[in-house]
Amino acid sequence: MTTRRSFIASAAGALAASTEAQTVDLDRRLAIPGPGPVRTVLDTDTFNEIDDQYAVAYSLLSPERLAVEALYAAPFVNDISESAASGMEQSYREIFRLMEFFPDEDRKPVFRGSNRFMEREGEPVESPAARDLIEKALKPSDQPLYVLAVGCPVNVSSAILMEPKIKERIVVVWLGGTTHYWPSASEFNLRQDVIASQVLFDSGVPLVQIPTKNVSEHLRTTVSELDRYLRGRSRIGDYLFGQFVQYFARRTRGRGRNYPYSKVIWDISAIAWLIEPAWVPSEIVPSPVLTRDMRWETAEGRHSIRVANNLNRDAVFNDLFSRLATLGP
């Protein structure tokens with residue numbers, strides 16, 4: 001298996017020996033995608049919080065931009081999941097619950113993802129999701145497959161390790177990590193599986209990173225805003241509103257009824273970047289080195305990635321609320 005050290009060495013060596021055409025090809029695949037629908041798969045830890053549900057709905061309600069080909073269940077561990085396998089299975093079931101709100105939608109295939117995190121560098125975790133990603137990526141097409149990963153990236157990184165050729169056929173849009181000037185890279189998606197996260201930055205796969213700190217964290221909303229713009233507009237809107245109210249009640253318990261609470265709906269940032277990149281401004285920079293203790297470091301000869309640096313919160317929520325209302329009560 002390929003180790004991280006060899007990933008870094010080969011990436012630096014490849015860049016030093018690469019032709020101008022190879023550099024142009026990476027820049028081309030990191031370019032803002034043109035108009036029309038793009039091939040997409042969504043990799044999501046759907047039951048982790050309450051934001052992935054919004055991302056699933058947003059992606060399915062944007063067919064003019066996202067041609068969703070499959071959904072993958074990602075693992076997670078927190079206070080409602082004692083293991084990666086449990087978190088993945090709960091995410092898998094939650095995707096099917098959400099699909100019930102789209103009876104007229106062609107049923108997208110849903111695949112179970114990894115039942116554990118990566119334990120050693122260079123050793124992928126087999127899963128139906130990783131295998132399907134490889135199959136779809138290698139399918140003949142005149143456009144890349146956009147992999148929207150809004151959870152721990154173990155499914156995606158495993159597929160890259162299992163079949164490195166897919167790096168030439170995909171673009172990964174990952175919600176995870178922090179801005180590179182931040183003293184720590186640590187955030188939930190990244191620290192769930194640091195080894196899998198390192199693969200994204202070391203492998204040379206075309207990567208669009210949407211950091212949490214100072215970017216996707218702008219996507220805060222409140223009970224009162226959702227009551228006005230979401231509740232009563234559609235069945236799925238009522239479902240999402242109800243989840244938010246329950247989450248609010250848990251998080252504000254003991255703080256009093258008038259505590260001013262807001263919640264970040266992190267994961268819609270990845271979908272928003274594809275729908276209208278101007279809402280999520282970004283720039284191309286050298287890929288940082290992600291250390292095992294979750295810090296960002298710089299190194300010579302690193303390949304390029306695209307990183308979001310801001311977010312138009314109001315425009316994104318306006319679009320999301322408008323699309324959710326189209327399903328009707």
# chains A, B, ... in the order shown; residues from 1 in each chain; ligands from 1

call {"tool": "closest_atom_pairs", "arguments": {"of": "region 147-238 of chain A", "to": "region 301-325 of chain A", "cutoff": "6 Å", "atoms": "only C-alpha atoms", "output": "JSON lines"}}
result
{"residue": "A:Leu207", "atom": "CA", "partner": "A:Ile305", "partner_atom": "CA", "distance": 5.2}
{"residue": "A:Val208", "atom": "CA", "partner": "A:Arg306", "partner_atom": "CA", "distance": 4.6}
{"residue": "A:Gln209", "atom": "CA", "partner": "A:Val307", "partner_atom": "CA", "distance": 4.8}
{"residue": "A:Ile210", "atom": "CA", "partner": "A:Ala308", "partner_atom": "CA", "distance": 5.1}
{"residue": "A:Val215", "atom": "CA", "partner": "A:Asn310", "partner_atom": "CA", "distance": 4.9}
{"residue": "A:His218", "atom": "CA", "partner": "A:Arg313", "partner_atom": "CA", "distance": 6.0}
{"residue": "A:Leu219", "atom": "CA", "partner": "A:Arg313", "partner_atom": "CA", "distance": 5.4}
{"residue": "A:Arg233", "atom": "CA", "partner": "A:Ala325", "partner_atom": "CA", "distance": 5.1}
{"residue": "A:Ser234", "atom": "CA", "partner": "A:Ala325", "partner_atom": "CA", "distance": 5.7}

call {"tool": "write_last_selection", "arguments": {"atoms": "N, CA and C atoms", "output": "CSV table (one decimal), in the first residue's frame"}}
result
chain,number,residue,atom,x,y,z
A,207,LEU,N,-8.9,19.1,-5.3
A,207,LEU,CA,-9.6,19.3,-4.1
A,207,LEU,C,-10.1,20.7,-3.9
A,208,VAL,N,-11.4,20.9,-3.6
A,208,VAL,CA,-12.0,22.1,-3.2
A,208,VAL,C,-12.3,22.0,-1.8
A,209,GLN,N,-11.6,22.7,-0.9
A,209,GLN,CA,-11.8,22.6,0.5
A,209,GLN,C,-12.7,23.8,1.0
A,210,ILE,N,-13.7,23.5,1.7
A,210,ILE,CA,-14.5,24.6,2.3
A,210,ILE,C,-14.3,24.5,3.8
A,215,VAL,N,-15.6,30.5,7.4
A,215,VAL,CA,-16.2,30.3,6.1
A,215,VAL,C,-17.6,29.7,6.3
A,218,HIS,N,-20.4,30.8,8.8
A,218,HIS,CA,-21.3,31.9,8.6
A,218,HIS,C,-22.8,31.5,8.4
A,219,LEU,N,-23.0,30.2,8.2
A,219,LEU,CA,-24.3,29.7,7.8
A,219,LEU,C,-25.2,29.4,9.1
A,233,ARG,N,-44.2,25.4,4.7
A,233,ARG,CA,-44.0,25.6,3.3
A,233,ARG,C,-44.0,24.2,2.6
A,234,SER,N,-43.6,23.2,3.2
A,234,SER,CA,-43.5,21.9,2.6
A,234,SER,C,-43.4,20.8,3.7

call {"tool": "closest_atom_pairs", "arguments": {"of": "region 234-305 of chain A", "to": "region 172-186 of chain A", "cutoff": "8 Å", "atoms": "only C-alpha atoms", "output": "JSON lines"}}
result
{"residue": "A:Trp266", "atom": "CA", "partner": "A:Leu175", "partner_atom": "CA", "distance": 7.9}
{"residue": "A:Asp267", "atom": "CA", "partner": "A:Leu175", "partner_atom": "CA", "distance": 6.8}
{"residue": "A:Ser269", "atom": "CA", "partner": "A:Leu175", "partner_atom": "CA", "distance": 7.5}
{"residue": "A:Ala270", "atom": "CA", "partner": "A:Leu175", "partner_atom": "CA", "distance": 6.4}
{"residue": "A:Pro288", "atom": "CA", "partner": "A:His180", "partner_atom": "CA", "distance": 7.4}
{"residue": "A:Leu290", "atom": "CA", "partner": "A:Ala185", "partner_atom": "CA", "distance": 7.6}
{"residue": "A:Met294", "atom": "CA", "partner": "A:Ala185", "partner_atom": "CA", "distance": 5.1}
{"residue": "A:Arg295", "atom": "CA", "partner": "A:Ala185", "partner_atom": "CA", "distance": 5.0}
{"residue": "A:Trp296", "atom": "CA", "partner": "A:His180", "partner_atom": "CA", "distance": 6.1}

call {"tool": "write_last_selection", "arguments": {"atoms": "N, CA, C and O atoms", "output": "short mmCIF file (atom, residue, chain, number, x, y, z; two decimals), in the first residue's frame"}}
result
data_model
loop_
_atom_site.label_atom_id
_atom_site.label_comp_id
_atom_site.auth_asym_id
_atom_site.auth_seq_id
_atom_site.Cartn_x
_atom_site.Cartn_y
_atom_site.Cartn_z
N TRP A 266 -23.82 23.73 8.47
CA TRP A 266 -22.54 23.66 7.79
C TRP A 266 -22.61 23.12 6.36
O TRP A 266 -22.01 23.69 5.42
N ASP A 267 -23.28 22.00 6.19
CA ASP A 267 -23.07 21.16 5.01
C ASP A 267 -23.65 21.71 3.73
O ASP A 267 -23.25 21.28 2.63
N SER A 269 -22.96 24.38 2.50
CA SER A 269 -21.91 25.18 1.84
C SER A 269 -21.35 24.47 0.62
O SER A 269 -21.05 25.12 -0.40
N ALA A 270 -21.17 23.15 0.70
CA ALA A 270 -20.61 22.42 -0.44
C ALA A 270 -21.56 22.44 -1.63
O ALA A 270 -21.13 22.60 -2.78
N PRO A 288 -1.62 22.62 1.72
CA PRO A 288 -0.82 22.56 2.94
C PRO A 288 -0.55 21.11 3.33
O PRO A 288 -1.17 20.19 2.82
N LEU A 290 -1.00 18.54 6.26
CA LEU A 290 -1.76 18.32 7.48
C LEU A 290 -0.97 17.37 8.37
O LEU A 290 -0.72 16.22 7.99
N MET A 294 -2.73 17.54 13.82
CA MET A 294 -3.76 18.45 13.30
C MET A 294 -3.34 19.91 13.31
O MET A 294 -3.97 20.77 13.90
N ARG A 295 -2.23 20.16 12.62
CA ARG A 295 -1.78 21.52 12.34
C ARG A 295 -1.52 21.63 10.84
O ARG A 295 -1.29 20.64 10.16
N TRP A 296 -1.54 22.88 10.34
CA TRP A 296 -1.20 23.14 8.95
C TRP A 296 0.26 23.55 8.86
O TRP A 296 0.72 24.38 9.63
#

call {"tool": "closest_atom_pairs", "arguments": {"of": "region 58-123 of chain A", "to": "region 38-54 of chain A", "cutoff": "7 Å", "atoms": "only C-alpha atoms", "output": "tab-separated table"}}
result
residue	atom	partner	partner_atom	distance
A:Tyr58	CA	A:Tyr54	CA	5.9
A:Arg65	CA	A:Val38	CA	6.1
A:Leu66	CA	A:Val38	CA	5.3
A:Ala67	CA	A:Arg39	CA	5.0
A:Val68	CA	A:Thr40	CA	4.7
A:Glu69	CA	A:Val41	CA	5.5
A:Ala70	CA	A:Val41	CA	5.0
A:Leu71	CA	A:Leu42	CA	4.8
A:Tyr72	CA	A:Asp43	CA	4.6
A:Ala73	CA	A:Thr44	CA	5.4
A:Ala74	CA	A:Asp45	CA	4.4
A:Pro75	CA	A:Asp45	CA	5.8
A:Phe76	CA	A:Asp45	CA	6.5
A:Met88	CA	A:Asp45	CA	6.7
A:Gln90	CA	A:Phe47	CA	5.9
A:Ser91	CA	A:Thr46	CA	4.5
A:Glu94	CA	A:Phe47	CA	6.1
A:Ile95	CA	A:Thr46	CA	6.6

call {"tool": "atom_distance", "arguments": {"atom1": "CA of Ala85 (chain A)", "atom2": "CA of Arg116 (chain A)"}}
result
6.0 Å

call {"tool": "residues_around", "arguments": {"residues": "Asn155 (chain A)", "least_positions_apart": "2", "cutoff": "7 Å", "atoms": "only C-alpha atoms", "output": "ChimeraX atom specification"}}
result
/A:74,113-114,129-130,153,157-159

call {"tool": "write_last_selection", "arguments": {"atoms": "N, CA, C and O atoms", "output": "PDB file, in the first residue's frame"}}
result
ATOM      1  N   ALA A  74     -21.651   8.081   5.382  1.00  0.00           N
ATOM      2  CA  ALA A  74     -20.340   8.192   6.019  1.00  0.00           C
ATOM      3  C   ALA A  74     -20.447   7.894   7.512  1.00  0.00           C
ATOM      4  O   ALA A  74     -21.477   8.147   8.139  1.00  0.00           O
ATOM      5  N   GLY A 113     -21.272   3.092   3.664  1.00  0.00           N
ATOM      6  CA  GLY A 113     -19.869   3.449   3.607  1.00  0.00           C
ATOM      7  C   GLY A 113     -19.034   2.651   4.584  1.00  0.00           C
ATOM      8  O   GLY A 113     -19.405   1.542   5.002  1.00  0.00           O
ATOM      9  N   SER A 114     -17.916   3.203   4.972  1.00  0.00           N
ATOM     10  CA  SER A 114     -16.956   2.516   5.832  1.00  0.00           C
ATOM     11  C   SER A 114     -17.544   2.248   7.208  1.00  0.00           C
ATOM     12  O   SER A 114     -18.228   3.099   7.777  1.00  0.00           O
ATOM     13  N   ALA A 129     -19.719   1.920  -0.763  1.00  0.00           N
ATOM     14  CA  ALA A 129     -19.635   3.302  -1.231  1.00  0.00           C
ATOM     15  C   ALA A 129     -18.333   3.553  -1.980  1.00  0.00           C
ATOM     16  O   ALA A 129     -18.334   4.151  -3.067  1.00  0.00           O
ATOM     17  N   ALA A 130     -17.211   3.097  -1.417  1.00  0.00           N
ATOM     18  CA  ALA A 130     -15.919   3.302  -2.075  1.00  0.00           C
ATOM     19  C   ALA A 130     -15.882   2.591  -3.425  1.00  0.00           C
ATOM     20  O   ALA A 130     -15.385   3.142  -4.422  1.00  0.00           O
ATOM     21  N   PRO A 153     -13.948  11.998   5.576  1.00  0.00           N
ATOM     22  CA  PRO A 153     -13.710  11.627   4.171  1.00  0.00           C
ATOM     23  C   PRO A 153     -13.202  10.211   3.959  1.00  0.00           C
ATOM     24  O   PRO A 153     -12.617   9.924   2.915  1.00  0.00           O
ATOM     25  N   SER A 157     -11.416   8.902   0.513  1.00  0.00           N
ATOM     26  CA  SER A 157      -9.983   8.638   0.555  1.00  0.00           C
ATOM     27  C   SER A 157      -9.681   7.162   0.335  1.00  0.00           C
ATOM     28  O   SER A 157      -8.666   6.809  -0.286  1.00  0.00           O
ATOM     29  N   SER A 158     -10.542   6.290   0.830  1.00  0.00           N
ATOM     30  CA  SER A 158     -10.349   4.862   0.587  1.00  0.00           C
ATOM     31  C   SER A 158     -10.438   4.553  -0.892  1.00  0.00           C
ATOM     32  O   SER A 158      -9.640   3.769  -1.435  1.00  0.00           O
ATOM     33  N   ALA A 159     -11.398   5.157  -1.580  1.00  0.00           N
ATOM     34  CA  ALA A 159     -11.527   4.930  -3.020  1.00  0.00           C
ATOM     35  C   ALA A 159     -10.282   5.406  -3.759  1.00  0.00           C
ATOM     36  O   ALA A 159      -9.814   4.745  -4.696  1.00  0.00           O
TER      37      ALA A 159
END

call {"tool": "closest_residue", "arguments": {"among": "A:Pro103, A:Gly328, A:Gly204, A:Pro124", "to": "Val156 (chain A)", "atoms": "only C-alpha atoms"}}
result
A:Pro124

call {"tool": "select_by_dssp", "arguments": {"residues": "region 110-258 of chain A", "states": "strand (DSSP E or B)", "output": "list of chain:residue names"}}
result
A:Val110, A:Phe111, A:Arg112, A:Leu145, A:Tyr146, A:Val147, A:Leu148, A:Ala149, A:Ile170, A:Val171, A:Val172, A:Val173, A:Trp174, A:Leu175, A:Leu207, A:Val208, A:Gln209, A:Ile210, A:Arg220, A:Thr221

call {"tool": "write_last_selection", "arguments": {"atoms": "N, CA, C and O atoms", "output": "short mmCIF file (atom, residue, chain, number, x, y, z; two decimals), in the first residue's frame"}}
result
data_model
loop_
_atom_site.label_atom_id
_atom_site.label_comp_id
_atom_site.auth_asym_id
_atom_site.auth_seq_id
_atom_site.Cartn_x
_atom_site.Cartn_y
_atom_site.Cartn_z
N VAL A 110 -28.34 4.34 -2.96
CA VAL A 110 -27.74 4.70 -1.67
C VAL A 110 -26.83 3.55 -1.24
O VAL A 110 -27.24 2.38 -1.30
N PHE A 111 -25.62 3.86 -0.82
CA PHE A 111 -24.64 2.84 -0.48
C PHE A 111 -24.10 3.03 0.93
O PHE A 111 -23.83 4.16 1.35
N ARG A 112 -23.95 1.92 1.63
CA ARG A 112 -23.28 1.96 2.93
C ARG A 112 -21.81 2.29 2.73
O ARG A 112 -21.16 1.79 1.81
N LEU A 145 -16.46 13.77 -12.25
CA LEU A 145 -17.47 13.47 -11.24
C LEU A 145 -17.15 14.32 -10.01
O LEU A 145 -16.05 14.21 -9.45
N TYR A 146 -18.08 15.15 -9.60
CA TYR A 146 -17.89 15.98 -8.41
C TYR A 146 -18.35 15.19 -7.18
O TYR A 146 -19.50 14.77 -7.10
N VAL A 147 -17.42 14.99 -6.26
CA VAL A 147 -17.68 14.22 -5.05
C VAL A 147 -17.88 15.22 -3.91
O VAL A 147 -16.92 15.82 -3.42
N LEU A 148 -19.13 15.41 -3.50
CA LEU A 148 -19.44 16.33 -2.42
C LEU A 148 -19.36 15.56 -1.11
O LEU A 148 -20.23 14.75 -0.80
N ALA A 149 -18.31 15.79 -0.35
CA ALA A 149 -18.08 15.08 0.90
C ALA A 149 -18.30 16.05 2.05
O ALA A 149 -17.55 17.02 2.20
N ILE A 170 -12.12 12.78 -10.99
CA ILE A 170 -13.02 13.35 -9.98
C ILE A 170 -12.51 14.71 -9.51
O ILE A 170 -11.35 15.06 -9.70
N VAL A 171 -13.41 15.46 -8.91
CA VAL A 171 -13.08 16.65 -8.14
C VAL A 171 -13.77 16.49 -6.79
O VAL A 171 -14.99 16.28 -6.73
N VAL A 172 -13.00 16.55 -5.71
CA VAL A 172 -13.55 16.40 -4.37
C VAL A 172 -13.85 17.78 -3.79
O VAL A 172 -12.97 18.65 -3.75
N VAL A 173 -15.09 17.99 -3.39
CA VAL A 173 -15.49 19.22 -2.69
C VAL A 173 -15.75 18.80 -1.25
O VAL A 173 -16.75 18.14 -0.96
N TRP A 174 -14.84 19.18 -0.35
CA TRP A 174 -14.89 18.67 1.03
C TRP A 174 -15.12 19.80 2.02
O TRP A 174 -14.37 20.78 2.06
N LEU A 175 -16.16 19.64 2.82
CA LEU A 175 -16.38 20.51 3.97
C LEU A 175 -15.58 19.95 5.14
O LEU A 175 -15.93 18.89 5.68
N LEU A 207 -8.93 19.11 -5.34
CA LEU A 207 -9.64 19.30 -4.07
C LEU A 207 -10.13 20.73 -3.94
O LEU A 207 -9.36 21.68 -4.11
N VAL A 208 -11.40 20.86 -3.63
CA VAL A 208 -11.99 22.14 -3.23
C VAL A 208 -12.31 22.02 -1.75
O VAL A 208 -13.21 21.27 -1.37
N GLN A 209 -11.56 22.70 -0.92
CA GLN A 209 -11.79 22.65 0.53
C GLN A 209 -12.66 23.82 0.95
O GLN A 209 -12.38 24.98 0.61
N ILE A 210 -13.70 23.52 1.71
CA ILE A 210 -14.53 24.57 2.31
C ILE A 210 -14.30 24.51 3.82
O ILE A 210 -14.84 23.64 4.50
N ARG A 220 -25.31 30.40 9.91
CA ARG A 220 -26.10 30.26 11.14
C ARG A 220 -27.55 30.66 10.90
O ARG A 220 -27.84 31.58 10.14
N THR A 221 -28.46 29.92 11.55
CA THR A 221 -29.87 30.29 11.50
C THR A 221 -30.48 30.04 12.87
O THR A 221 -29.83 29.53 13.77
#
